[in-house]
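Undergrad: The structure follows.
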Amino acid sequence: MYLGIDLGTSEIKALVIDAQGAVLASAGEPLTVQRPHPHWAEQNPQSWWQATHSVISQLRAKLPEQWAEIKAIGLSGQMHGAVLLSREGSVLRPAMLWNDTRSAAQCEQLTRIAPELHDIAGNLAMPGFTAPKLLWVAKHEPEIFQHVASVLLPKDYLRWMMSGEKVSDMSDAAGTLWLDVGKRDWSDSLLSACGLTRDHMPRLAEGSDATCVLKSDIARAWGLGDDVVIAGGGGDNAASAVGIGAVNPGDAFISLGTSGVLFAVNDKFRPNPQSAVHAFCHALPNLWHQMSVMLTAASALRWFCQLVGSNETTLLAEVAQLSQAQQRQAPIFLPYLSGERTPHNDPFATGVFHGMTHNSDRASLGYAVIEGVAFGMADGLEVMKQAGTTLQQCSLVGGGARSDRWAQLIADVLSLPIVTHVGGEAGGALGAARLGWLAAGGDINQVCSKPPVARRFLPNAENAPMLAERLALYRQLYRQQVELRLSTGFSLN
């Protein structure tokens with residue numbers, strides 16, 4: 001059996017699969033994000049470790065007879081977060097997360113002092129990435145920066161706690177802006193631009209490599225053998241791709257989690273940073289991927305449900321009852337609650353409900369939220385097309401994949417067939433378990449098969465004119481927001 005652990009922003013998820021790839025048990029433990037100041041998003045790495053112990057305990061209770069048969073562990077996790085360790089191994093400050101946007105000024109600084117950045121890293125400098133965070137710490141917390149001995153990504157902190165080894169995989173490391181993504185190696189010049197060297201970095205491995213084994217004390221505490229190998233693993237989206245079987249050029253999927261991702265597999269490094277499209281290594285050797293990322297996706301729906309005292313199931317059921325005429329009259333929602341990446345690279349973008357009247361009720365606003373997320377995906381697809389990526393269909397994974405209404409809306413907005421898969425909500429945890437299986441000697445053709453299709457959603461041409469009108473208004477509203485900010489200097493951030 002193989003264990004996959006996914007360190008998300010809002011939850012640690014874990015599951016166990018057998019030698020046929022079937023999910024035997026799963027568990028989760030919630031996490032919270034601290035926002036002590038505007039633009040900040042932090043978590044205490046120790047809370048990740050405590051949550052990991054909790055999900056391990058839950059899984060052991062569910063599989064008491066089979067638990068000791070686990071042969072390998074794979075890791076998946078939220079990308080870009082900065083865990084700063086001292087020489088003694090203590091955490092120097094809370095981890096700055098992927099949706100922390102305080103380092104906008106440092107992005108300009110990095111672009112200026114490292115003109116080779118776009119060619120080597122294949123991406124624009126954005127506040128969510130790891131490198132600008134270290135420049136921010138160097139400027140604002142120099143007493144901490146001078147004690148930094150190691151920088152680890154979130155899932156790699158868990159690996160270090162489990163094994164005592166500092167290792168990262170190519171897909172996650174590509175999101176730091178310190179990796180030469182084409183060569184799959186650390187870039188000395190990009191590290192130097194941030195006052196760092198290779199000595200601060202973990203060693204690199206492919207996601208399917210066996211990187212280390214459990215420490216004996218952790219193995220005993222978890223009831224496992226100390227020969228259990230730990231795979232390189234992957235960033236959450238690359239791991240989700242492995243879980244959904246997106247491992248061949250042309251495969252694509254959309255992930256609706258806290259953030260929203262449109263992910264396409266490539267057989268070569270294809271950077272296009274001018275459009276804020278990400279170009280990263282895949283979690284498997286000799287593969288890369290392009291990715292558009294919106295910072296607020298399913299989390300926008302959670303936010304709205306909390307605001308109106310509802311839950312997602314109830315609200316989506318209400319949305320499903322709206323007629324096309326009611327949808328046409330619904331407000332327009334800009335989902336930029338945490339700024340935006342693709343295609344705007346705008347940490348100062350804000351969320352908007354536009355066009356509310358006395359007739360605007362909870363269902364119409366809920367429709368506006370899920371439509372706004374679908375429109376954000378359309379913006380991402382547009383710039384990926386400009387980057388030379390052509391898609392025939394997309395799988396849909398993540399928590400948002402549970403909603404047929406949302407899946408159909410995405411198919412209509414993107415004019416693209418959308419398929420959901422059995423177990424598609426498992427996402428990164430399933431991919432992590434599969435990477436563990438590969439690290440233990442599994443055959444990629446067996447391990448990385450596509451899960452069975454659960455539902456197929458074809459674009460409804462009758463909805464195209466209405467959605468095209470509303471998408472045009474959505475884009476115009478963002479342009480007006482930028483113009484207003486530039487002309488008045490006023491910002492809600």
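Each chain of the structure tokens is named A, B, ... in the order shown, its residues numbered from 1; ligands are numbered from 1 in display order.
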Can you list, as a PyMOL selection string, every residue of region 99-259 of chain A that DSSP puts in strand (DSSP E)?

TA: chain A and resi 150-152+167-169+179-180+185-186+203-205+210-213+229-231+234-235+252-256

Undergrad: Would you put the residues from that selection into a file with C-alpha atoms, as a PDB file, in the first residue's frame?

TA:
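Writing the result to again.pdb gives the following:
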```pdb
ATOM      1  CA  SER A 150      17.834  26.718   4.869  1.00  0.00           C
ATOM      2  CA  VAL A 151      14.754  27.629   2.858  1.00  0.00           C
ATOM      3  CA  LEU A 152      12.199  24.855   2.486  1.00  0.00           C
ATOM      4  CA  VAL A 167      14.997  17.593  -0.432  1.00  0.00           C
ATOM      5  CA  SER A 168      12.689  19.203  -2.983  1.00  0.00           C
ATOM      6  CA  ASP A 169      11.299  17.992  -6.282  1.00  0.00           C
ATOM      7  CA  LEU A 179      15.332  27.082 -10.490  1.00  0.00           C
ATOM      8  CA  ASP A 180      16.697  26.934 -14.026  1.00  0.00           C
ATOM      9  CA  ASP A 185      18.848  22.677 -11.582  1.00  0.00           C
ATOM     10  CA  TRP A 186      19.287  25.557  -9.141  1.00  0.00           C
ATOM     11  CA  ARG A 203      18.951  18.897  -2.900  1.00  0.00           C
ATOM     12  CA  LEU A 204      16.798  18.266  -5.951  1.00  0.00           C
ATOM     13  CA  ALA A 205      15.060  15.083  -7.091  1.00  0.00           C
ATOM     14  CA  ALA A 210      12.947   7.660  -3.776  1.00  0.00           C
ATOM     15  CA  THR A 211      14.583  10.469  -1.776  1.00  0.00           C
ATOM     16  CA  CYS A 212      14.875   9.153   1.795  1.00  0.00           C
ATOM     17  CA  VAL A 213      13.223   6.934   4.397  1.00  0.00           C
ATOM     18  CA  VAL A 229      10.633   5.310   1.299  1.00  0.00           C
ATOM     19  CA  ILE A 230       9.550   8.904   0.714  1.00  0.00           C
ATOM     20  CA  ALA A 231       9.102  10.018  -2.897  1.00  0.00           C
ATOM     21  CA  GLY A 234       5.253  17.393  -6.257  1.00  0.00           C
ATOM     22  CA  GLY A 235       3.733  20.805  -6.009  1.00  0.00           C
ATOM     23  CA  ALA A 252      -5.024  19.195 -19.297  1.00  0.00           C
ATOM     24  CA  PHE A 253      -7.114  19.788 -16.210  1.00  0.00           C
ATOM     25  CA  ILE A 254      -8.752  22.538 -14.191  1.00  0.00           C
ATOM     26  CA  SER A 255      -8.407  22.518 -10.413  1.00  0.00           C
ATOM     27  CA  LEU A 256     -11.005  24.345  -8.329  1.00  0.00           C
TER      28      LEU A 256
END
```

Undergrad: Considering only C-alpha atoms, give me a table of residues in region 276-330 of chain A that are at most 10 Å from region 467-472 of chain A, with the closest atom pair and distance in Å for each, as a tab-separated table.

TA:
```
residue	atom	partner	partner_atom	distance
A:Gln327	CA	A:Leu467	CA	9.5
A:Arg328	CA	A:Arg470	CA	7.9
A:Gln329	CA	A:Arg470	CA	9.9
A:Ala330	CA	A:Arg470	CA	9.8
```

Undergrad: Measuring between only C-alpha atoms, which one of A:Val242, A:Asn311, A:Ala300, A:Thr390 shows the shortest distance to Tyr336 (chain A)?

TA: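 The shortest atom-to-atom distance to Tyr336 (chain A) comes from A:Ala300.
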
Undergrad: Which parts of region 134-173 of chain A does DSSP call alpha helix (DSSP H) when run on the backbone here, written out as a list in words?

TA: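 Listing alpha helix (DSSP H) positions across region 134-173 of chain A yields Leu134, Leu135, Trp136, Val137, Ala138, Lys139, His140, Pro142, Glu143, Ile144, Phe145, Pro154, Lys155, Asp156, Tyr157, Leu158, Arg159, Trp160, Met161, Met162, Ser163, Met170, Ser171, Asp172 and Ala173 of chain A.
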
Undergrad: Pick the closest to Gln480 (chain A) from A:Leu190, A:Cys394, A:Gln20, A:Ala349: which is it, counting only C-alpha atoms?

TA: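 Among the listed residues, the smallest separation from Gln480 (chain A) belongs to A:Ala349.
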
Undergrad: Separation of CA of Ile410 (chain A) and CA of Ala317 (chain A), in Å?

TA: 16.8 Å

Undergrad: For Ala363 (chain A), find every residue with an atom within 9 Å (counting only C-alpha atoms), except residues of its own chain fewer than 4 positions away, and show them as a list of chain:residue names.

TA: A:Leu315, A:Leu316, A:Ala317, A:Glu318, A:Val319, A:Ala320, A:Gln321, A:Leu322, A:Ala330, A:Tyr367, A:Ala368

Undergrad: Select from region 100-165 of chain A every residue with an atom at most 12 Å from any atom of region 24-36 of chain A, then for each give the shortest pair of atoms and their distance in Å to one decimal, using only C-alpha atoms, rows by chain and rising number, as a tab-separated table.

TA:
```
residue	atom	partner	partner_atom	distance
A:Asp100	CA	A:Arg35	CA	8.9
A:Thr101	CA	A:Arg35	CA	11.2
A:Arg102	CA	A:Arg35	CA	11.2
```

Undergrad: Report, in Å with one decimal, the straight-line distance from CA of Gly128 (chain A) to CA of His80 (chain A).

TA: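 CA of His80 (chain A) lies 6.5 Å from CA of Gly128 (chain A).
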
Undergrad: How far is it from CA of Leu124 (chain A) to CA of His289 (chain A), in Å with one decimal?

TA: 15.5 Å

Undergrad: At a cut-off of 9 Å, using only C-alpha atoms, what residues contact region 373-386 of chain A? Leave out same-chain residues fewer than 5 positions from it and give the result as a ChimeraX atom specification.

TA: /A:254,260-262,264,272,275-277,290-294,296-298,300,333-335,342-343,368,391,406,409-411,413-414,470-471,474-475

Undergrad: I'd like the contact shell of Arg402 (chain A) - 10 Å cut-off, only C-alpha atoms, skipping same-chain residues fewer than 2 positions apart - returned as a ChimeraX atom specification.

TA: /A:256,313,396-400,404-407,420-421,423-425

Undergrad: Could you please take those selected residues and save N, CA and C atoms as a tab-separated table (two decimals), in the first residue's frame?

TA:
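Output (selection-v2.tsv):
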```
chain	number	residue	atom	x	y	z
A	256	LEU	N	-10.24	23.35	-9.09
A	256	LEU	CA	-11.01	24.34	-8.33
A	256	LEU	C	-10.80	24.07	-6.85
A	313	THR	N	-23.49	23.42	-0.50
A	313	THR	CA	-24.49	22.53	-1.08
A	313	THR	C	-25.83	23.23	-1.24
A	396	LEU	N	-11.73	18.09	-14.63
A	396	LEU	CA	-12.02	19.02	-13.53
A	396	LEU	C	-11.79	18.29	-12.22
A	397	VAL	N	-10.93	18.87	-11.36
A	397	VAL	CA	-10.58	18.23	-10.09
A	397	VAL	C	-10.71	19.26	-8.98
A	398	GLY	N	-10.54	18.79	-7.75
A	398	GLY	CA	-10.63	19.67	-6.60
A	398	GLY	C	-12.04	19.70	-6.04
A	399	GLY	N	-12.22	20.46	-4.95
A	399	GLY	CA	-13.52	20.52	-4.29
A	399	GLY	C	-14.64	21.00	-5.20
A	400	GLY	N	-14.33	21.95	-6.10
A	400	GLY	CA	-15.34	22.46	-7.02
A	400	GLY	C	-15.84	21.42	-8.00
A	404	ASP	N	-22.04	19.74	-10.25
A	404	ASP	CA	-22.37	19.61	-11.67
A	404	ASP	C	-22.72	20.96	-12.28
A	405	ARG	N	-23.38	21.82	-11.51
A	405	ARG	CA	-23.77	23.13	-12.03
A	405	ARG	C	-22.53	23.95	-12.40
A	406	TRP	N	-21.53	23.92	-11.54
A	406	TRP	CA	-20.31	24.68	-11.80
A	406	TRP	C	-19.55	24.09	-12.99
A	407	ALA	N	-19.50	22.76	-13.05
A	407	ALA	CA	-18.81	22.10	-14.17
A	407	ALA	C	-19.45	22.48	-15.50
A	420	THR	N	-15.38	15.10	-15.35
A	420	THR	CA	-15.01	14.82	-13.97
A	420	THR	C	-14.71	13.33	-13.84
A	421	HIS	N	-13.94	12.99	-12.83
A	421	HIS	CA	-13.49	11.62	-12.67
A	421	HIS	C	-13.89	11.05	-11.31
A	423	GLY	N	-13.32	9.89	-7.92
A	423	GLY	CA	-12.23	10.22	-7.00
A	423	GLY	C	-11.49	11.49	-7.36
A	424	GLY	N	-12.01	12.31	-8.29
A	424	GLY	CA	-11.31	13.50	-8.74
A	424	GLY	C	-11.10	14.53	-7.66
A	425	GLU	N	-11.95	14.50	-6.61
A	425	GLU	CA	-11.77	15.48	-5.53
A	425	GLU	C	-10.56	15.17	-4.67
```
